[in-house]
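Source file: entry.txt (compact mmCIF, C-alpha atoms)
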```txt
# COMPACT_ATOMS: atom_id res chain seq x y z
CA MET Q 811 -37.14 50.28 161.43
CA HIS Q 812 -40.77 51.06 162.24
CA ILE Q 813 -42.33 54.19 160.76
CA ASP Q 814 -45.65 55.60 161.92
CA LYS Q 815 -47.42 58.81 160.97
CA PRO Q 816 -50.13 59.63 163.54
CA ASP Q 817 -52.77 61.80 161.95
CA TRP Q 818 -53.27 63.80 165.17
CA VAL Q 819 -49.74 65.27 165.13
CA LYS Q 820 -50.48 68.36 163.08
CA HIS Q 821 -50.52 72.15 162.99
CA GLY Q 822 -53.91 72.67 161.40
CA ASP Q 823 -53.44 72.88 157.64
CA ALA Q 824 -49.94 74.35 157.99
CA GLY Q 825 -46.69 72.50 157.49
CA ILE Q 826 -44.49 71.20 160.31
CA TYR Q 827 -41.03 72.74 159.90
CA SER Q 828 -39.18 71.27 162.88
CA ILE Q 829 -39.43 68.41 165.36
CA HIS Q 830 -37.32 67.43 168.35
CA ALA Q 831 -37.51 64.76 171.06
CA ALA Q 832 -36.56 65.46 174.66
CA ALA Q 833 -33.51 63.60 175.95
CA GLU Q 834 -35.61 61.59 178.40
CA GLY Q 835 -37.86 60.47 175.56
CA ASP Q 836 -41.11 61.52 177.23
CA ARG Q 837 -41.97 64.49 175.00
CA VAL Q 838 -41.78 65.62 171.39
CA VAL Q 839 -42.01 69.25 170.31
CA THR Q 840 -43.02 70.52 166.87
CA GLY Q 841 -42.99 73.94 165.23
CA GLY Q 842 -45.11 74.90 162.26
CA GLY Q 843 -46.28 77.38 159.70
CA ASP Q 844 -49.27 78.23 161.89
CA GLN Q 845 -46.87 80.24 164.12
CA LYS Q 846 -47.31 77.75 166.99
CA VAL Q 847 -45.18 75.41 169.06
CA ARG Q 848 -46.80 72.17 170.23
CA VAL Q 849 -45.55 69.72 172.85
CA TRP Q 850 -46.74 66.12 172.51
CA SER Q 851 -46.65 63.05 174.74
CA SER Q 852 -44.22 60.42 173.44
CA ALA Q 853 -46.16 57.69 175.20
CA CYS Q 854 -49.09 58.29 172.86
CA LEU Q 855 -46.74 57.91 169.91
CA GLN Q 856 -45.26 54.65 171.17
CA HIS Q 857 -48.26 52.73 172.52
CA ALA Q 858 -51.53 52.29 170.66
CA ALA Q 859 -53.46 51.62 173.88
CA ILE Q 860 -52.41 54.99 175.29
CA GLU Q 861 -52.96 56.74 171.97
CA THR Q 862 -56.67 55.82 172.01
CA ASN Q 863 -57.17 56.37 175.76
CA PRO Q 864 -59.15 59.62 176.27
CA SER Q 865 -57.74 60.00 179.80
CA LYS Q 866 -54.21 60.22 178.37
CA PRO Q 867 -54.00 63.48 176.33
CA ASN Q 868 -51.60 63.35 173.41
CA LEU Q 869 -51.21 67.14 173.15
CA LEU Q 870 -49.54 68.53 176.27
CA THR Q 871 -49.59 72.22 175.37
CA THR Q 872 -49.78 74.73 172.52
CA LEU Q 873 -47.60 77.84 172.67
CA ALA Q 874 -48.71 80.73 170.46
CA ASP Q 875 -46.33 83.61 171.18
CA HIS Q 876 -44.62 83.91 167.79
CA PHE Q 877 -45.79 86.23 165.01
CA GLY Q 878 -44.34 84.24 162.13
CA PRO Q 879 -43.83 80.62 161.05
CA VAL Q 880 -41.79 78.62 163.57
CA ASN Q 881 -38.72 77.28 161.75
CA VAL Q 882 -36.94 75.42 164.55
CA VAL Q 883 -37.67 73.99 168.01
CA ARG Q 884 -35.23 72.37 170.44
CA PHE Q 885 -35.45 71.00 173.98
CA SER Q 886 -32.59 71.84 176.33
CA PRO Q 887 -30.37 68.92 177.45
CA CYS Q 888 -32.23 68.70 180.77
CA GLY Q 889 -35.61 68.73 179.00
CA ARG Q 890 -37.04 71.43 181.31
CA MET Q 891 -36.63 74.24 178.78
CA LEU Q 892 -37.34 74.53 175.09
CA ALA Q 893 -36.40 77.19 172.55
CA SER Q 894 -38.07 78.17 169.28
CA GLY Q 895 -36.96 80.37 166.39
CA SER Q 896 -39.22 82.05 163.87
CA ASP Q 897 -39.55 84.30 160.84
CA ASP Q 898 -40.45 87.04 163.34
CA LYS Q 899 -36.66 87.35 164.05
CA VAL Q 900 -37.14 86.29 167.69
CA VAL Q 901 -36.03 83.30 169.73
CA LEU Q 902 -38.41 82.38 172.56
CA VAL Q 903 -37.40 80.22 175.51
CA TYR Q 904 -39.96 78.39 177.65
CA ARG Q 905 -39.52 76.65 180.99
CA LEU Q 906 -41.62 73.83 182.40
CA GLU Q 907 -43.32 74.92 185.63
CA ALA Q 908 -45.60 73.29 188.17
CA GLY Q 909 -49.34 73.71 187.76
CA GLY Q 910 -50.23 71.53 184.80
CA GLY Q 911 -53.81 70.24 184.71
CA VAL Q 912 -55.39 73.35 186.22
CA LEU Q 913 -54.78 75.66 183.28
CA ARG Q 914 -57.14 77.13 180.73
CA ALA Q 915 -56.61 77.67 177.05
CA ALA Q 916 -56.51 81.26 175.78
CA PHE Q 917 -59.98 82.63 175.09
CA GLY Q 918 -61.02 82.08 171.50
CA SER Q 919 -57.95 79.99 170.63
CA GLY Q 920 -59.90 76.81 169.93
CA GLU Q 921 -57.14 74.85 171.66
CA PRO Q 922 -57.74 72.24 174.40
CA PRO Q 923 -56.65 73.19 177.93
CA PRO Q 924 -52.90 72.66 178.40
CA VAL Q 925 -51.84 69.61 180.36
CA GLU Q 926 -48.38 71.02 181.13
CA ASN Q 927 -47.43 74.51 182.23
CA TRP Q 928 -44.74 75.82 179.87
CA LYS Q 929 -44.02 79.47 180.70
CA LEU Q 930 -42.25 81.97 178.47
CA CYS Q 931 -39.11 82.99 180.36
CA GLN Q 932 -36.86 84.66 177.76
CA THR Q 933 -37.38 86.64 174.56
CA LEU Q 934 -34.10 86.92 172.66
CA LYS Q 935 -34.08 89.81 170.19
CA GLY Q 936 -30.65 89.76 168.58
CA HIS Q 937 -31.23 88.88 164.94
CA ALA Q 938 -32.31 91.24 162.18
CA ALA Q 939 -34.05 88.60 160.06
CA ASP Q 940 -35.60 85.10 160.14
CA VAL Q 941 -34.15 82.62 162.64
CA THR Q 942 -33.33 79.38 160.81
CA ASP Q 943 -31.71 77.10 163.38
CA LEU Q 944 -30.67 76.89 167.02
CA ALA Q 945 -28.72 74.53 169.26
CA TRP Q 946 -28.11 74.13 172.99
CA CYS Q 947 -24.56 73.41 174.11
CA PRO Q 948 -24.11 69.95 175.69
CA LEU Q 949 -24.39 71.20 179.29
CA GLY Q 950 -27.17 73.69 178.52
CA GLU Q 951 -25.07 76.74 179.47
CA TYR Q 952 -25.31 78.41 176.06
CA LEU Q 953 -27.84 78.63 173.24
CA ALA Q 954 -26.59 79.25 169.70
CA THR Q 955 -28.89 80.65 167.01
CA ALA Q 956 -28.58 81.10 163.24
CA SER Q 957 -30.30 83.58 160.93
CA ILE Q 958 -30.57 84.84 157.38
CA ASP Q 959 -29.04 88.09 158.65
CA ASN Q 960 -25.74 86.25 157.91
CA THR Q 961 -24.85 85.80 161.58
CA ALA Q 962 -24.91 83.23 164.32
CA GLN Q 963 -25.33 84.36 167.91
CA VAL Q 964 -24.49 82.72 171.21
CA TRP Q 965 -26.49 83.47 174.35
CA ALA Q 966 -25.36 82.73 177.91
CA VAL Q 967 -28.18 81.06 179.82
CA GLY Q 968 -29.17 83.08 182.89
CA SER Q 969 -29.21 81.76 186.43
CA GLU Q 970 -32.55 80.72 187.86
CA ALA Q 971 -34.35 80.45 191.17
CA GLY Q 972 -37.57 78.69 192.09
CA GLY Q 973 -39.15 76.48 189.45
CA MET Q 974 -40.66 73.02 189.53
CA GLY Q 975 -42.17 72.23 192.91
CA THR Q 976 -42.18 75.84 194.10
CA GLY Q 977 -44.70 77.38 191.75
CA ALA Q 978 -42.31 80.29 191.21
CA LEU Q 979 -40.38 81.32 188.13
CA SER Q 980 -37.37 83.58 188.35
CA MET Q 981 -34.58 83.75 185.78
CA SER Q 982 -32.06 86.51 185.18
CA PRO Q 983 -31.95 88.01 181.66
CA TRP Q 984 -29.75 86.13 179.22
CA GLN Q 985 -26.74 87.94 177.80
CA MET Q 986 -25.31 87.64 174.30
CA ALA Q 987 -21.91 85.98 174.64
CA ALA Q 988 -20.89 86.33 170.98
CA SER Q 989 -22.13 87.51 167.61
CA LEU Q 990 -20.42 85.50 164.88
CA ALA Q 991 -20.35 87.47 161.63
CA ALA Q 992 -17.75 85.78 159.40
CA HIS Q 993 -20.27 84.39 156.90
CA THR Q 994 -21.27 86.37 153.81
CA GLY Q 995 -24.58 84.58 153.21
CA TYR Q 996 -27.60 83.32 155.07
CA VAL Q 997 -26.62 81.12 158.02
CA LYS Q 998 -28.94 78.11 158.06
CA GLY Q 999 -27.30 75.62 160.40
CA VAL Q 1000 -25.53 75.59 163.77
CA THR Q 1001 -24.30 72.76 166.00
CA TRP Q 1002 -22.02 72.16 169.02
CA ASP Q 1003 -19.49 69.38 169.28
CA PRO Q 1004 -20.24 66.83 172.08
CA VAL Q 1005 -17.97 68.53 174.65
CA GLY Q 1006 -18.71 72.14 173.70
CA LYS Q 1007 -15.19 72.93 172.49
CA PHE Q 1008 -16.24 73.81 168.95
CA LEU Q 1009 -19.29 75.33 167.26
CA ALA Q 1010 -19.95 74.77 163.55
CA THR Q 1011 -22.12 76.85 161.22
CA GLN Q 1012 -23.16 76.35 157.60
CA SER Q 1013 -24.22 79.11 155.23
CA ASP Q 1014 -25.50 79.87 151.76
CA ASP Q 1015 -22.05 81.37 151.11
CA LYS Q 1016 -21.06 77.75 150.34
CA SER Q 1017 -18.93 77.28 153.42
CA VAL Q 1018 -18.84 75.62 156.83
CA LEU Q 1019 -17.09 77.53 159.61
CA VAL Q 1020 -15.69 75.86 162.71
CA TRP Q 1021 -15.42 78.19 165.72
CA ARG Q 1022 -13.36 77.71 168.88
CA THR Q 1023 -15.70 78.42 171.79
CA GLU Q 1024 -12.86 79.50 174.07
CA ASP Q 1025 -12.42 82.79 172.19
CA TRP Q 1026 -14.96 82.52 169.30
CA SER Q 1027 -12.22 82.57 166.68
CA VAL Q 1028 -12.59 80.75 163.34
CA VAL Q 1029 -10.53 77.57 163.45
CA ARG Q 1030 -11.30 76.50 159.90
CA ARG Q 1031 -13.32 77.61 156.88
CA VAL Q 1032 -14.32 74.58 154.82
CA GLU Q 1033 -15.08 75.33 151.17
CA GLY Q 1034 -15.08 73.54 147.84
CA HIS Q 1035 -17.51 70.75 148.70
CA PHE Q 1036 -20.51 73.08 148.41
CA ASP Q 1037 -19.67 75.09 145.26
CA LYS Q 1038 -22.53 73.62 143.24
CA CYS Q 1039 -25.20 73.85 145.92
CA PHE Q 1040 -28.18 76.12 145.48
CA GLY Q 1041 -28.98 78.97 147.84
CA ASN Q 1042 -32.70 78.27 148.10
CA SER Q 1043 -32.64 75.41 150.64
CA PHE Q 1044 -34.83 75.81 153.71
CA ALA Q 1045 -32.12 74.68 156.12
CA LEU Q 1046 -28.49 73.55 156.22
CA ARG Q 1047 -28.51 71.71 159.53
CA LEU Q 1048 -25.25 69.94 160.28
CA ALA Q 1049 -24.42 67.47 163.08
CA TRP Q 1050 -21.44 66.01 164.96
CA SER Q 1051 -20.92 62.30 165.47
CA PRO Q 1052 -21.44 61.18 169.11
CA ASP Q 1053 -17.68 60.79 169.63
CA GLY Q 1054 -16.97 64.23 168.14
CA ARG Q 1055 -14.54 62.89 165.54
CA HIS Q 1056 -16.64 63.79 162.51
CA LEU Q 1057 -18.88 66.63 161.42
CA ALA Q 1058 -21.62 65.95 158.86
CA ALA Q 1059 -22.61 68.85 156.61
CA THR Q 1060 -25.44 68.97 154.11
CA LEU Q 1061 -25.86 69.82 150.43
CA GLY Q 1062 -22.40 68.86 149.25
CA THR Q 1063 -21.69 67.59 145.75
CA SER Q 1064 -19.48 64.82 144.41
CA SER Q 1065 -19.14 64.86 140.65
CA THR Q 1066 -22.77 65.28 139.54
CA LYS Q 1067 -24.39 63.88 142.69
CA HIS Q 1068 -25.62 65.61 145.81
CA CYS Q 1069 -24.23 64.17 149.03
CA ALA Q 1070 -23.50 64.76 152.68
CA VAL Q 1071 -19.96 65.82 153.54
CA PHE Q 1072 -18.16 64.18 156.48
CA LEU Q 1073 -15.33 66.27 157.90
CA GLU Q 1074 -12.54 64.74 159.99
CA ARG Q 1075 -11.99 66.66 163.23
CA GLN Q 1076 -8.18 66.58 163.12
CA THR Q 1077 -7.81 68.01 159.62
CA TRP Q 1078 -11.33 69.36 158.88
CA GLU Q 1079 -11.01 67.72 155.47
CA GLY Q 1080 -13.88 65.85 153.84
```
Would you kindly transcribe this structure into structure tokens?
Amino acid sequence: MHIDKPDWVKHGDAGIYSIHAAAEGDRVVTGGGDQKVRVWSSACLQHAAIETNPSKPNLLTTLADHFGPVNVVRFSPCGRMLASGSDDKVVLVYRLEAGGGVLRAAFGSGEPPPVENWKLCQTLKGHAADVTDLAWCPLGEYLATASIDNTAQVWAVGSEAGGMGTGALSMSPWQMAASLAAHTGYVKGVTWDPVGKFLATQSDDKSVLVWRTEDWSVVRRVEGHFDKCFGNSFALRLAWSPDGRHLAATLGTSSTKHCAVFLERQTWEG
């Protein structure tokens, strides 16, 4: 394993709270305490010769539409959209458009001119408190979000027209497909299984809920493994194995030790 920490990947003096790589591996997005989303070139991270080449910008764009720290950022499966969630209670969705390289930075921002043209296309105002996590379904048809308002929400992605190569952006408003309110504490993690049949959420109420996406019913409430966990963690982000047979949840305990909990899909037992 090779670990590198480029000193130019930063959000001023603020912390970086989330990072995500696009599926194609060409971009990395970060969200930070400076209320900004930044998209970076992966090539500059992977090749020293490109990293030091002034004709190859490492920062592709800076998006400054949030009014609170950005807690989570995620590219869509196709890599042409990205979503961000913030303490301002809002989820913002951007779409990559044509026109990069001829743009100007906002007046007085101090940012370099954007290389890529990421346009704000959706503002999702469904939560009543900080957004802690979000996840695209495997085919990009839905976006799930989690919040400390004790709920998770699922948004149906709107249809689109125009886009890359046309210079036009047109997308119908997204609709909320479900509001999942079975938790009794802050919801800090959400994830889809690899085929989109189940959605899992983890909360400060010391439980993991598994939801059936066909009707948004609770298939299983998993408790017991998290009884000794504290409620002051920044995130409880869980993940499915690539084959969908196991679900990994965070902040479990075994005897006196903290551990991850692996749940078997057939029984939902750890």
Contact residues around Ser1065 in chain Q with all atoms listed in the file at 10 Å, ignoring same-chain residues under 3 positions, as an MDAnalysis selection string: chainID Q and resid 1038 1068:1069
Using all atoms listed in the file: which of Q:Asp1014, Q:Asp1003, Q:Glu1033, Q:Asp940 has the shortest distance to Ser894 in chain Q: Q:Asp940
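Proximity ranking of Q:Ala954, Q:Leu930, Q:Met891, Q:Ala1045 relative to His876 in chain Q places Q:Leu930 first, based on all atoms listed in the file.
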All residues 9 Å or closer to Arg890 in chain Q, all atoms listed in the file, same chain fewer than 6 positions away omitted, as a PyMOL selection string: chain Q and resi 832+904-907+928
Which of Q:Gly889, Q:Asn868, Q:Asp814, Q:Thr1001 sits closest to Glu834 in chain Q [using all atoms listed in the file]: Q:Gly889
Would you kindly return, as a PDB file with C-alpha atoms, in the coordinates of the input, each protein, DNA or RNA residue with an atom no farther than 12 Å from any atom of Pro867 in chain Q, considering only C-alpha atoms and excluding same-chain residues fewer than 6 positions away?
```
ATOM      1  CA  TRP Q 818     -53.270  63.800 165.170  1.00  0.00           C
ATOM      2  CA  VAL Q 849     -45.550  69.720 172.850  1.00  0.00           C
ATOM      3  CA  TRP Q 850     -46.740  66.120 172.510  1.00  0.00           C
ATOM      4  CA  SER Q 851     -46.650  63.050 174.740  1.00  0.00           C
ATOM      5  CA  SER Q 852     -44.220  60.420 173.440  1.00  0.00           C
ATOM      6  CA  ALA Q 853     -46.160  57.690 175.200  1.00  0.00           C
ATOM      7  CA  CYS Q 854     -49.090  58.290 172.860  1.00  0.00           C
ATOM      8  CA  LEU Q 855     -46.740  57.910 169.910  1.00  0.00           C
ATOM      9  CA  ILE Q 860     -52.410  54.990 175.290  1.00  0.00           C
ATOM     10  CA  GLU Q 861     -52.960  56.740 171.970  1.00  0.00           C
ATOM     11  CA  GLY Q 911     -53.810  70.240 184.710  1.00  0.00           C
ATOM     12  CA  PRO Q 922     -57.740  72.240 174.400  1.00  0.00           C
ATOM     13  CA  PRO Q 923     -56.650  73.190 177.930  1.00  0.00           C
ATOM     14  CA  PRO Q 924     -52.900  72.660 178.400  1.00  0.00           C
ATOM     15  CA  VAL Q 925     -51.840  69.610 180.360  1.00  0.00           C
ATOM     16  CA  GLU Q 926     -48.380  71.020 181.130  1.00  0.00           C
TER      17      GLU Q 926
END
```
All residues 9 Å or closer to Gly1006 in chain Q, all atoms listed in the file, same chain fewer than 6 positions away omitted, as a list in words: Cys947, Pro948, Leu949 and Thr1023 of chain Q
